[in-house]
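Colleague: Here you go, structure_12.pdb (PDB, C-alpha atoms (C1' of nucleotides)):
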```pdb
ATOM      1  CA  MET A1319    -118.193-156.073 -66.405  1.00  0.00           C
ATOM      2  CA  GLU A1320    -118.479-159.459 -64.823  1.00  0.00           C
ATOM      3  CA  ASN A1321    -118.153-162.361 -67.199  1.00  0.00           C
ATOM      4  CA  ARG A1322    -120.920-164.871 -67.414  1.00  0.00           C
ATOM      5  CA  SER A1323    -119.798-168.415 -67.050  1.00  0.00           C
ATOM      6  CA  CYS A1324    -121.856-169.915 -69.819  1.00  0.00           C
ATOM      7  CA  SER A1325    -120.101-173.251 -69.441  1.00  0.00           C
ATOM      8  CA  ALA A1326    -121.710-173.736 -66.036  1.00  0.00           C
ATOM      9  CA  CYS A1327    -125.141-172.680 -67.251  1.00  0.00           C
ATOM     10  CA  LEU A1328    -127.741-175.370 -66.700  1.00  0.00           C
ATOM     11  CA  ILE A1329    -130.219-173.975 -69.189  1.00  0.00           C
ATOM     12  CA  LYS A1330    -128.038-173.883 -72.255  1.00  0.00           C
ATOM     13  CA  SER A1331    -129.740-173.879 -75.601  1.00  0.00           C
ATOM     14  CA  LYS A1332    -129.390-176.918 -77.801  1.00  0.00           C
ATOM     15  CA  ALA A1333    -127.107-174.862 -80.019  1.00  0.00           C
ATOM     16  CA  ALA A1334    -124.919-173.794 -77.102  1.00  0.00           C
ATOM     17  CA  GLU A1335    -124.554-177.419 -76.033  1.00  0.00           C
ATOM     18  CA  SER A1336    -122.303-177.899 -79.005  1.00  0.00           C
ATOM     19  CA  LEU A1337    -119.921-175.087 -78.133  1.00  0.00           C
ATOM     20  CA  ILE A1338    -116.443-175.997 -76.951  1.00  0.00           C
ATOM     21  CA  ASP A1339    -114.577-174.383 -74.057  1.00  0.00           C
ATOM     22  CA  ASN A1340    -113.086-171.332 -75.707  1.00  0.00           C
ATOM     23  CA  GLU A1341    -116.287-170.667 -77.609  1.00  0.00           C
ATOM     24  CA  LEU A1342    -118.279-170.727 -74.400  1.00  0.00           C
ATOM     25  CA  GLU A1343    -115.729-168.320 -73.015  1.00  0.00           C
ATOM     26  CA  LEU A1344    -116.319-165.997 -75.959  1.00  0.00           C
ATOM     27  CA  LEU A1345    -120.052-166.240 -75.348  1.00  0.00           C
ATOM     28  CA  GLY A1346    -119.596-165.578 -71.640  1.00  0.00           C
ATOM     29  CA  GLN A1347    -117.570-162.442 -72.299  1.00  0.00           C
ATOM     30  CA  ASN A1348    -120.246-161.105 -74.602  1.00  0.00           C
ATOM     31  CA  CYS A1349    -123.511-161.795 -72.894  1.00  0.00           C
ATOM     32  CA  VAL A1350    -125.458-160.386 -69.996  1.00  0.00           C
ATOM     33  CA  GLU A1351    -128.246-161.998 -68.061  1.00  0.00           C
ATOM     34  CA  VAL A1352    -131.279-159.852 -67.196  1.00  0.00           C
ATOM     35  CA  ALA A1353    -134.489-160.606 -65.298  1.00  0.00           C
ATOM     36  CA  PHE A1354    -137.800-159.046 -66.330  1.00  0.00           C
ATOM     37  CA  GLU A1355    -141.133-158.755 -64.544  1.00  0.00           C
ATOM     38  CA  ARG A1356    -144.474-159.336 -66.185  1.00  0.00           C
ATOM     39  CA  GLY A1357    -145.316-156.407 -68.432  1.00  0.00           C
ATOM     40  CA  GLU A1358    -141.732-155.265 -68.989  1.00  0.00           C
ATOM     41  CA  THR A1359    -140.489-154.817 -72.528  1.00  0.00           C
ATOM     42  CA  LEU A1360    -137.454-156.870 -73.572  1.00  0.00           C
ATOM     43  CA  PHE A1361    -136.960-154.985 -76.787  1.00  0.00           C
ATOM     44  CA  LYS A1362    -138.969-152.514 -78.767  1.00  0.00           C
ATOM     45  CA  GLN A1363    -140.058-152.169 -82.354  1.00  0.00           C
ATOM     46  CA  ASP A1364    -138.176-149.444 -84.276  1.00  0.00           C
ATOM     47  CA  ALA A1365    -135.310-149.347 -81.778  1.00  0.00           C
ATOM     48  CA  LEU A1366    -131.782-150.121 -82.907  1.00  0.00           C
ATOM     49  CA  SER A1367    -131.038-153.758 -82.252  1.00  0.00           C
ATOM     50  CA  SER A1368    -127.597-155.127 -81.674  1.00  0.00           C
ATOM     51  CA  ASN A1369    -128.305-158.127 -79.495  1.00  0.00           C
ATOM     52  CA  ILE A1370    -129.535-161.629 -79.971  1.00  0.00           C
ATOM     53  CA  ILE A1371    -131.721-162.667 -77.096  1.00  0.00           C
ATOM     54  CA  TYR A1372    -131.789-166.086 -75.555  1.00  0.00           C
ATOM     55  CA  LEU A1373    -134.963-166.596 -73.573  1.00  0.00           C
ATOM     56  CA  GLN A1374    -133.800-168.694 -70.652  1.00  0.00           C
ATOM     57  CA  LYS A1375    -136.905-168.828 -68.525  1.00  0.00           C
ATOM     58  CA  GLY A1376    -140.389-167.433 -68.897  1.00  0.00           C
ATOM     59  CA  LEU A1377    -142.970-166.492 -71.481  1.00  0.00           C
ATOM     60  CA  VAL A1378    -143.198-163.505 -73.812  1.00  0.00           C
ATOM     61  CA  LYS A1379    -145.529-162.067 -76.411  1.00  0.00           C
ATOM     62  CA  ILE A1380    -144.146-160.877 -79.710  1.00  0.00           C
ATOM     63  CA  ILE A1381    -146.053-157.852 -80.965  1.00  0.00           C
ATOM     64  CA  MET A1382    -145.957-155.727 -84.077  1.00  0.00           C
ATOM     65  CA  GLN A1383    -147.630-152.366 -84.467  1.00  0.00           C
ATOM     66  CA  GLY A1384    -149.616-152.460 -87.689  1.00  0.00           C
ATOM     67  CA  PRO A1385    -151.152-149.571 -89.590  1.00  0.00           C
ATOM     68  CA  GLN A1386    -154.495-150.086 -87.831  1.00  0.00           C
ATOM     69  CA  ARG A1387    -153.797-151.797 -84.542  1.00  0.00           C
ATOM     70  CA  LYS A1388    -151.379-153.768 -82.480  1.00  0.00           C
ATOM     71  CA  GLN A1389    -150.961-157.357 -83.572  1.00  0.00           C
ATOM     72  CA  ILE A1390    -149.758-160.136 -81.334  1.00  0.00           C
ATOM     73  CA  LEU A1391    -147.659-162.217 -83.685  1.00  0.00           C
ATOM     74  CA  ARG A1392    -147.286-165.111 -81.305  1.00  0.00           C
ATOM     75  CA  LEU A1393    -146.337-166.250 -77.828  1.00  0.00           C
ATOM     76  CA  LYS A1394    -142.876-167.645 -77.228  1.00  0.00           C
ATOM     77  CA  LYS A1395    -141.925-169.849 -74.346  1.00  0.00           C
ATOM     78  CA  ALA A1396    -138.433-170.464 -72.996  1.00  0.00           C
ATOM     79  CA  PRO A1397    -136.049-171.887 -73.903  1.00  0.00           C
ATOM     80  CA  CYS A1398    -135.625-170.271 -77.293  1.00  0.00           C
ATOM     81  CA  TYR A1399    -133.840-167.525 -79.163  1.00  0.00           C
ATOM     82  CA  LEU A1400    -135.585-164.238 -79.832  1.00  0.00           C
ATOM     83  CA  GLY A1401    -134.742-161.549 -82.271  1.00  0.00           C
ATOM     84  CA  VAL A1402    -132.510-163.524 -84.592  1.00  0.00           C
ATOM     85  CA  PRO A1403    -134.535-162.471 -87.648  1.00  0.00           C
ATOM     86  CA  THR A1404    -135.010-158.918 -86.462  1.00  0.00           C
ATOM     87  CA  THR A1405    -131.368-158.426 -85.478  1.00  0.00           C
ATOM     88  CA  MET A1406    -129.725-160.204 -88.382  1.00  0.00           C
ATOM     89  CA  GLY A1407    -132.284-159.028 -90.911  1.00  0.00           C
ATOM     90  CA  ASP A1408    -132.170-155.296 -90.333  1.00  0.00           C
ATOM     91  CA  LYS A1409    -130.678-152.555 -88.201  1.00  0.00           C
ATOM     92  CA  ILE A1410    -133.874-151.916 -86.280  1.00  0.00           C
ATOM     93  CA  ASN A1411    -136.376-154.205 -84.612  1.00  0.00           C
ATOM     94  CA  HIS A1412    -139.463-155.014 -86.619  1.00  0.00           C
ATOM     95  CA  TYR A1413    -141.339-156.191 -83.549  1.00  0.00           C
ATOM     96  CA  SER A1414    -141.347-155.888 -79.771  1.00  0.00           C
ATOM     97  CA  ALA A1415    -141.185-158.515 -77.064  1.00  0.00           C
ATOM     98  CA  VAL A1416    -142.955-158.142 -73.705  1.00  0.00           C
ATOM     99  CA  ALA A1417    -142.697-160.503 -70.742  1.00  0.00           C
ATOM    100  CA  LEU A1418    -145.925-162.228 -69.691  1.00  0.00           C
ATOM    101  CA  GLU A1419    -144.446-163.744 -66.549  1.00  0.00           C
ATOM    102  CA  PRO A1420    -141.186-163.345 -64.642  1.00  0.00           C
ATOM    103  CA  THR A1421    -138.636-163.969 -67.340  1.00  0.00           C
ATOM    104  CA  THR A1422    -134.875-164.346 -67.571  1.00  0.00           C
ATOM    105  CA  VAL A1423    -132.979-163.621 -70.765  1.00  0.00           C
ATOM    106  CA  CYS A1424    -129.403-163.439 -71.991  1.00  0.00           C
ATOM    107  CA  PHE A1425    -128.487-160.548 -74.232  1.00  0.00           C
ATOM    108  CA  ILE A1426    -125.813-161.747 -76.612  1.00  0.00           C
ATOM    109  CA  ASP A1427    -123.650-159.341 -78.540  1.00  0.00           C
ATOM    110  CA  LEU A1428    -124.372-159.661 -82.245  1.00  0.00           C
ATOM    111  CA  GLY A1429    -120.699-159.721 -83.170  1.00  0.00           C
ATOM    112  CA  ALA A1430    -119.997-162.623 -80.834  1.00  0.00           C
ATOM    113  CA  PHE A1431    -123.076-164.459 -82.064  1.00  0.00           C
ATOM    114  CA  LYS A1432    -121.909-164.092 -85.656  1.00  0.00           C
ATOM    115  CA  SER A1433    -118.465-165.357 -84.715  1.00  0.00           C
ATOM    116  CA  LEU A1434    -119.970-168.456 -83.166  1.00  0.00           C
ATOM    117  CA  LEU A1435    -122.020-169.066 -86.296  1.00  0.00           C
ATOM    118  CA  ARG A1436    -118.782-169.056 -88.312  1.00  0.00           C
ATOM    119  CA  LEU A1437    -116.671-170.979 -85.809  1.00  0.00           C
ATOM    120  CA  ASN A1438    -118.961-173.850 -84.997  1.00  0.00           C
ATOM    121  CA  THR A1439    -121.038-175.510 -87.690  1.00  0.00           C
ATOM    122  CA  GLU A1440    -122.999-177.596 -85.205  1.00  0.00           C
ATOM    123  CA  PHE A1441    -124.039-174.386 -83.452  1.00  0.00           C
ATOM    124  CA  SER A1442    -125.092-172.830 -86.767  1.00  0.00           C
ATOM    125  CA  TYR A1443    -126.973-175.944 -87.710  1.00  0.00           C
ATOM    126  CA  GLU A1444    -129.019-175.890 -84.511  1.00  0.00           C
ATOM    127  CA  ILE A1445    -129.828-172.209 -84.997  1.00  0.00           C
ATOM    128  CA  ILE A1446    -131.019-172.896 -88.531  1.00  0.00           C
ATOM    129  CA  VAL A1447    -133.207-175.742 -87.324  1.00  0.00           C
ATOM    130  CA  GLU A1448    -134.814-173.483 -84.740  1.00  0.00           C
ATOM    131  CA  LEU A1449    -135.417-170.762 -87.321  1.00  0.00           C
ATOM    132  CA  CYS A1450    -136.961-173.254 -89.735  1.00  0.00           C
ATOM    133  CA  LYS A1451    -139.292-174.639 -87.102  1.00  0.00           C
ATOM    134  CA  ASN A1452    -140.364-171.108 -86.345  1.00  0.00           C
ATOM    135  CA  GLU A1453    -141.106-170.375 -89.955  1.00  0.00           C
ATOM    136  CA  LEU A1454    -143.191-173.511 -90.303  1.00  0.00           C
ATOM    137  CA  GLU A1455    -145.171-172.590 -87.195  1.00  0.00           C
ATOM    138  CA  GLN A1456    -145.755-169.124 -88.581  1.00  0.00           C
ATOM    139  CA  PHE A1457    -147.001-170.500 -91.881  1.00  0.00           C
ATOM    140  CA  HIS A1458    -149.472-172.725 -90.100  1.00  0.00           C
ATOM    141  CA  ARG A1459    -150.599-169.882 -87.894  1.00  0.00           C
ATOM    142  CA  CYS A1460    -151.094-167.705 -90.936  1.00  0.00           C
ATOM    143  CA  VAL A1461    -153.282-170.246 -92.720  1.00  0.00           C
ATOM    144  CA  THR A1462    -155.296-170.844 -89.553  1.00  0.00           C
ATOM    145  CA  LEU A1463    -155.908-167.140 -89.086  1.00  0.00           C
ATOM    146  CA  VAL A1464    -156.946-166.595 -92.668  1.00  0.00           C
ATOM    147  CA  GLN A1465    -159.073-169.687 -93.252  1.00  0.00           C
ATOM    148  CA  ASN A1466    -160.591-170.601 -89.900  1.00  0.00           C
ATOM    149  CA  GLN A1467    -163.556-168.846 -88.392  1.00  0.00           C
ATOM    150  CA  ILE A1468    -163.166-167.354 -84.977  1.00  0.00           C
ATOM    151  CA  PHE A1469    -164.224-170.420 -83.002  1.00  0.00           C
ATOM    152  CA  GLY A1470    -161.582-172.380 -84.851  1.00  0.00           C
ATOM    153  CA  ARG A1471    -158.903-169.772 -84.273  1.00  0.00           C
ATOM    154  CA  LEU A1472    -159.744-169.585 -80.578  1.00  0.00           C
ATOM    155  CA  ALA A1473    -159.741-173.376 -80.259  1.00  0.00           C
ATOM    156  CA  VAL A1474    -156.339-173.660 -81.955  1.00  0.00           C
ATOM    157  CA  ASN A1475    -154.839-171.168 -79.542  1.00  0.00           C
ATOM    158  CA  LEU A1476    -156.400-172.683 -76.429  1.00  0.00           C
ATOM    159  CA  LEU A1477    -155.033-176.059 -77.463  1.00  0.00           C
ATOM    160  CA  TYR A1478    -151.636-174.499 -78.159  1.00  0.00           C
ATOM    161  CA  MET A1479    -151.514-173.037 -74.663  1.00  0.00           C
ATOM    162  CA  ALA A1480    -152.592-176.304 -73.056  1.00  0.00           C
ATOM    163  CA  ASN A1481    -150.339-178.575 -75.111  1.00  0.00           C
ATOM    164  CA  THR A1482    -147.274-176.509 -75.883  1.00  0.00           C
ATOM    165  CA  ILE A1483    -147.034-173.820 -73.236  1.00  0.00           C
ATOM    166  CA  TYR A1484    -148.487-175.242 -70.030  1.00  0.00           C
ATOM    167  CA  HIS A1485    -148.548-178.985 -70.737  1.00  0.00           C
ATOM    168  CA  SER A1486    -151.824-179.122 -68.880  1.00  0.00           C
ATOM    169  CA  GLY A1487    -155.522-178.925 -69.631  1.00  0.00           C
ATOM    170  CA  GLU A1488    -155.846-176.448 -66.818  1.00  0.00           C
ATOM    171  CA  PHE A1489    -154.086-173.076 -66.839  1.00  0.00           C
ATOM    172  CA  ASP A1490    -154.408-169.331 -66.350  1.00  0.00           C
ATOM    173  CA  LEU A1491    -154.625-167.263 -69.512  1.00  0.00           C
ATOM    174  CA  PRO A1492    -151.492-165.104 -69.735  1.00  0.00           C
ATOM    175  CA  LEU A1493    -153.463-162.560 -71.773  1.00  0.00           C
ATOM    176  CA  SER A1494    -156.438-160.266 -71.229  1.00  0.00           C
ATOM    177  CA  ARG A1495    -159.520-160.695 -73.436  1.00  0.00           C
ATOM    178  CA  ASN A1496    -158.284-157.752 -75.461  1.00  0.00           C
ATOM    179  CA  GLU A1497    -154.852-159.281 -76.021  1.00  0.00           C
ATOM    180  CA  LEU A1498    -156.409-162.620 -76.857  1.00  0.00           C
ATOM    181  CA  ALA A1499    -158.399-160.756 -79.488  1.00  0.00           C
ATOM    182  CA  ASP A1500    -155.183-159.220 -80.845  1.00  0.00           C
ATOM    183  CA  LEU A1501    -153.711-162.712 -81.022  1.00  0.00           C
ATOM    184  CA  ILE A1502    -156.530-164.263 -83.029  1.00  0.00           C
ATOM    185  CA  CYS A1503    -157.495-161.146 -84.971  1.00  0.00           C
ATOM    186  CA  THR A1504    -160.930-160.339 -83.649  1.00  0.00           C
ATOM    187  CA  SER A1505    -162.596-158.007 -81.162  1.00  0.00           C
ATOM    188  CA  ARG A1506    -162.525-158.380 -77.396  1.00  0.00           C
ATOM    189  CA  GLU A1507    -166.332-158.646 -77.327  1.00  0.00           C
ATOM    190  CA  THR A1508    -166.241-161.638 -79.626  1.00  0.00           C
ATOM    191  CA  VAL A1509    -163.602-163.344 -77.478  1.00  0.00           C
ATOM    192  CA  SER A1510    -165.764-162.841 -74.374  1.00  0.00           C
ATOM    193  CA  ARG A1511    -168.797-164.265 -76.085  1.00  0.00           C
ATOM    194  CA  MET A1512    -167.003-167.248 -77.555  1.00  0.00           C
ATOM    195  CA  LEU A1513    -165.378-168.169 -74.259  1.00  0.00           C
ATOM    196  CA  SER A1514    -168.711-168.092 -72.417  1.00  0.00           C
ATOM    197  CA  GLU A1515    -170.315-170.043 -75.215  1.00  0.00           C
ATOM    198  CA  LEU A1516    -167.654-172.759 -75.049  1.00  0.00           C
ATOM    199  CA  ASP A1517    -168.219-172.766 -71.306  1.00  0.00           C
ATOM    200  CA  GLN A1518    -172.002-173.131 -71.677  1.00  0.00           C
ATOM    201  CA  ASP A1519    -171.549-175.965 -74.143  1.00  0.00           C
ATOM    202  CA  GLY A1520    -169.410-177.789 -71.591  1.00  0.00           C
ATOM    203  CA  ILE A1521    -166.349-177.821 -73.819  1.00  0.00           C
ATOM    204  CA  ILE A1522    -164.214-175.719 -71.504  1.00  0.00           C
ATOM    205  CA  GLU A1523    -164.634-174.205 -68.070  1.00  0.00           C
ATOM    206  CA  VAL A1524    -163.948-170.491 -67.732  1.00  0.00           C
ATOM    207  CA  ASN A1525    -163.375-168.706 -64.454  1.00  0.00           C
ATOM    208  CA  GLY A1526    -161.985-165.295 -65.209  1.00  0.00           C
ATOM    209  CA  LYS A1527    -158.507-166.026 -66.510  1.00  0.00           C
ATOM    210  CA  HIS A1528    -158.612-169.626 -65.377  1.00  0.00           C
ATOM    211  CA  ILE A1529    -159.309-172.133 -68.135  1.00  0.00           C
ATOM    212  CA  ARG A1530    -159.950-175.836 -67.874  1.00  0.00           C
ATOM    213  CA  LEU A1531    -160.343-177.914 -70.994  1.00  0.00           C
ATOM    214  CA  ILE A1532    -163.112-180.459 -70.559  1.00  0.00           C
ATOM    215  CA  ASP A1533    -163.985-181.868 -73.963  1.00  0.00           C
ATOM    216  CA  THR A1534    -160.641-181.830 -75.750  1.00  0.00           C
ATOM    217  CA  LYS A1535    -161.993-183.973 -78.587  1.00  0.00           C
ATOM    218  CA  LYS A1536    -164.673-181.402 -79.367  1.00  0.00           C
ATOM    219  CA  LEU A1537    -162.162-178.595 -79.120  1.00  0.00           C
ATOM    220  CA  GLU A1538    -159.890-180.326 -81.600  1.00  0.00           C
ATOM    221  CA  GLU A1539    -162.808-180.791 -83.929  1.00  0.00           C
ATOM    222  CA  ILE A1540    -163.606-177.106 -83.706  1.00  0.00           C
ATOM    223  CA  SER A1541    -159.966-176.232 -84.293  1.00  0.00           C
ATOM    224  CA  LYS A1542    -160.031-178.181 -87.559  1.00  0.00           C
ATOM    225  CA  ASN A1543    -163.489-177.393 -88.877  1.00  0.00           C
ATOM    226  CA  GLY A1544    -164.574-174.202 -87.204  1.00  0.00           C
TER     227      GLY A1544
ATOM    228  C1'  DG B 711    -185.842-162.597 -98.702  1.00  0.00           C
ATOM    229  C1'  DC B 712    -183.728-164.954 -94.558  1.00  0.00           C
ATOM    230  C1'  DA B 713    -180.050-166.745 -91.650  1.00  0.00           C
ATOM    231  C1'  DT B 714    -175.424-166.505 -90.035  1.00  0.00           C
ATOM    232  C1'  DT B 715    -171.213-164.341 -88.680  1.00  0.00           C
ATOM    233  C1'  DA B 716    -168.818-160.925 -86.537  1.00  0.00           C
ATOM    234  C1'  DA B 717    -167.679-155.943 -85.902  1.00  0.00           C
ATOM    235  C1'  DC B 718    -168.835-151.640 -83.566  1.00  0.00           C
ATOM    236  C1'  DC B 719    -171.128-148.986 -79.903  1.00  0.00           C
ATOM    237  C1'  DA B 720    -172.896-148.240 -75.453  1.00  0.00           C
ATOM    238  C1'  DC B 721    -173.389-149.143 -70.840  1.00  0.00           C
ATOM    239  C1'  DA B 722    -172.959-151.634 -66.424  1.00  0.00           C
ATOM    240  C1'  DG B 723    -170.328-154.019 -63.034  1.00  0.00           C
TER     241       DG B 723
ATOM    242  C1'  DC C 111    -160.899-154.898 -67.678  1.00  0.00           C
ATOM    243  C1'  DT C 112    -165.286-157.799 -68.782  1.00  0.00           C
ATOM    244  C1'  DG C 113    -169.827-159.236 -70.146  1.00  0.00           C
ATOM    245  C1'  DT C 114    -174.048-158.267 -72.560  1.00  0.00           C
ATOM    246  C1'  DG C 115    -177.447-156.325 -75.567  1.00  0.00           C
ATOM    247  C1'  DG C 116    -178.660-153.806 -79.688  1.00  0.00           C
ATOM    248  C1'  DT C 117    -177.471-152.581 -84.295  1.00  0.00           C
ATOM    249  C1'  DT C 118    -175.468-153.221 -88.712  1.00  0.00           C
ATOM    250  C1'  DA C 119    -172.887-154.832 -92.779  1.00  0.00           C
ATOM    251  C1'  DA C 120    -171.364-158.611 -95.519  1.00  0.00           C
ATOM    252  C1'  DT C 121    -171.995-163.139 -97.222  1.00  0.00           C
ATOM    253  C1'  DG C 122    -174.352-167.309 -98.442  1.00  0.00           C
ATOM    254  C1'  DC C 123    -178.418-170.140 -99.304  1.00  0.00           C
TER     255       DC C 123
END
```
In structure tokens, write the structure found in this file.

Modeller:
Amino acid sequence: MENRSCSACLIKSKAAESLIDNELELLGQNCVEVAFERGETLFKQDALSSNIIYLQKGLVKIIMQGPQRKQILRLKKAPCYLGVPTTMGDKINHYSAVALEPTTVCFIDLGAFKSLLRLNTEFSYEIIVELCKNELEQFHRCVTLVQNQIFGRLAVNLLYMANTIYHSGEFDLPLSRNELADLICTSRETVSRMLSELDQDGIIEVNGKHIRLIDTKKLEEISKNG
DNA sequence: GCATTAACCACAG
DNA sequence: CTGTGGTTAATGC
């Protein structure tokens, strides 16, 4: 197997920035880079997991099969780590990850990852920070989903895509209406209706998957009150 | 009661 | 895969 030269990598994680030469070597010997197309599964719920995944480039959806239906837990954009909780926390994956656009990831051997956590405290620290930020985001998402009405939930997620994922008020939805419904816990019909209603009210412009935010102020209001 | 919200069903592009 | 219309159940004045 060809060794990765992680030291030369230009898209190192913040944690990996703090690794020294021989640690990067260890990482390089124990990781593999893989490219995925849109729709391909990076890892699957219920499968044995023995890798930590570093999402180098791209966008994925994290999904969990519930008792009733599929739930989209959240979208994750590179660069970030995936599967730390599900790989460290149990033998099998508790959720799946599917690419939403061409995506590049590094599969890191769990043993090597654990070694790095022990060897380099700065590395561990950065991993903990990332995990904590994730947990906070999840808590907020949870409260939004439970307490906001659907307009509010939709608005929050449109703003998230514009601000955090695409850094633009104009973007193409990476999800179908159905998936968007799975993300904000509603039905696909309701998503369709709400999008056209926001369009009619001149708050956003909808053209199939293409979205343009027009009245961001209003949308923010809806995201807080609706 | 009456209005609102949102799910479910059916059917058409 | 989407959009729309009708129906219905739950909840709140």

Colleague: Here's the selection I'm unsure about, the PyMOL selection byres ((chain C) within 8 of (chain A)); applied to the file above, which residues does it give, as a list in words?

Modeller: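 That selection, the PyMOL selection byres ((chain C) within 8 of (chain A)), comes back as DC111, DT112 and DG113 of chain C.
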
Colleague: Please evaluate the PyMOL selection byres ((chain A) within 10 of (chain B)) against the displayed coordinates and give the resulting residues as a ChimeraX atom specification.

Modeller: /A:1467-1468,1504-1505,1507-1508

Colleague: Could you tell me how far CA of Ile1446 in chain A sits from CA of Gly1407 in chain A, in Å to one decimal place?

Modeller: 14.1 Å

Colleague: Going by the chain IDs and residue numbers used in this file, which residues fall under the PyMOL selection byres ((chain A and resi 1480) around 12)? Write them as a list of chain:residue names.

Modeller: A:Ala1473, A:Val1474, A:Asn1475, A:Leu1476, A:Leu1477, A:Tyr1478, A:Met1479, A:Asn1481, A:Thr1482, A:Ile1483, A:Tyr1484, A:His1485, A:Ser1486, A:Gly1487, A:Glu1488, A:Phe1489, A:Asp1490, A:Leu1491, A:Pro1492, A:Ile1522, A:His1528, A:Ile1529, A:Arg1530, A:Leu1531, A:Ile1532, A:Thr1534, A:Leu1537, A:Glu1538

Colleague: For the selection just defined, write its residues with C-alpha atoms to a file, as a PDB file, in the coordinates of the input.

Modeller:
```pdb
ATOM      1  CA  ALA A1473    -159.741-173.376 -80.259  1.00  0.00           C
ATOM      2  CA  VAL A1474    -156.339-173.660 -81.955  1.00  0.00           C
ATOM      3  CA  ASN A1475    -154.839-171.168 -79.542  1.00  0.00           C
ATOM      4  CA  LEU A1476    -156.400-172.683 -76.429  1.00  0.00           C
ATOM      5  CA  LEU A1477    -155.033-176.059 -77.463  1.00  0.00           C
ATOM      6  CA  TYR A1478    -151.636-174.499 -78.159  1.00  0.00           C
ATOM      7  CA  MET A1479    -151.514-173.037 -74.663  1.00  0.00           C
ATOM      8  CA  ASN A1481    -150.339-178.575 -75.111  1.00  0.00           C
ATOM      9  CA  THR A1482    -147.274-176.509 -75.883  1.00  0.00           C
ATOM     10  CA  ILE A1483    -147.034-173.820 -73.236  1.00  0.00           C
ATOM     11  CA  TYR A1484    -148.487-175.242 -70.030  1.00  0.00           C
ATOM     12  CA  HIS A1485    -148.548-178.985 -70.737  1.00  0.00           C
ATOM     13  CA  SER A1486    -151.824-179.122 -68.880  1.00  0.00           C
ATOM     14  CA  GLY A1487    -155.522-178.925 -69.631  1.00  0.00           C
ATOM     15  CA  GLU A1488    -155.846-176.448 -66.818  1.00  0.00           C
ATOM     16  CA  PHE A1489    -154.086-173.076 -66.839  1.00  0.00           C
ATOM     17  CA  ASP A1490    -154.408-169.331 -66.350  1.00  0.00           C
ATOM     18  CA  LEU A1491    -154.625-167.263 -69.512  1.00  0.00           C
ATOM     19  CA  PRO A1492    -151.492-165.104 -69.735  1.00  0.00           C
ATOM     20  CA  ILE A1522    -164.214-175.719 -71.504  1.00  0.00           C
ATOM     21  CA  HIS A1528    -158.612-169.626 -65.377  1.00  0.00           C
ATOM     22  CA  ILE A1529    -159.309-172.133 -68.135  1.00  0.00           C
ATOM     23  CA  ARG A1530    -159.950-175.836 -67.874  1.00  0.00           C
ATOM     24  CA  LEU A1531    -160.343-177.914 -70.994  1.00  0.00           C
ATOM     25  CA  ILE A1532    -163.112-180.459 -70.559  1.00  0.00           C
ATOM     26  CA  THR A1534    -160.641-181.830 -75.750  1.00  0.00           C
ATOM     27  CA  LEU A1537    -162.162-178.595 -79.120  1.00  0.00           C
ATOM     28  CA  GLU A1538    -159.890-180.326 -81.600  1.00  0.00           C
TER      29      GLU A1538
END
```

Colleague: Could you jot down the C1' of DT121 in chain C to CA of Gly1544 in chain A separation for me, Å, one decimal place?

Modeller: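 So the two atoms, C1' of DT121 in chain C and CA of Gly1544 in chain A, lie 16.7 Å apart.
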
Colleague: To one decimal place, how far is CA of Cys1324 in chain A from CA of Pro1420 in chain A in Å?

Modeller: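 Between CA of Cys1324 in chain A and CA of Pro1420 in chain A the gap works out to 21.1 Å.
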
Colleague: Give me, as a Markdown table, each residue of range 1434-1471 of chain A that comes within 12 Å of range 1381-1395 of chain A, together with its shortest interatomic pair and the distance in Å at one decimal, counting only C-alpha atoms, with rows ordered by chain and rising residue number.

Modeller:
```
| residue | atom | partner | partner_atom | distance |
| --- | --- | --- | --- | --- |
| A:Asn1452 | CA | A:Lys1394 | CA | 10.1 |
| A:Glu1453 | CA | A:Arg1392 | CA | 11.9 |
| A:Glu1455 | CA | A:Arg1392 | CA | 9.8 |
| A:Gln1456 | CA | A:Arg1392 | CA | 8.4 |
| A:Phe1457 | CA | A:Leu1391 | CA | 11.7 |
| A:His1458 | CA | A:Arg1392 | CA | 11.8 |
| A:Arg1459 | CA | A:Arg1392 | CA | 8.8 |
| A:Cys1460 | CA | A:Leu1391 | CA | 9.7 |
| A:Leu1463 | CA | A:Leu1391 | CA | 11.0 |
```

Colleague: Centre and edge lengths, as JSON, for the axis-aligned box enclosing every listed atom of range 1366-1374 of chain A with 5 Å of padding on each of the six sides, in Å to one decimal?

Modeller:
```
{"center_x": -131.3, "center_y": -159.4, "center_z": -76.8, "size_x": 17.4, "size_y": 28.6, "size_z": 22.3}
```
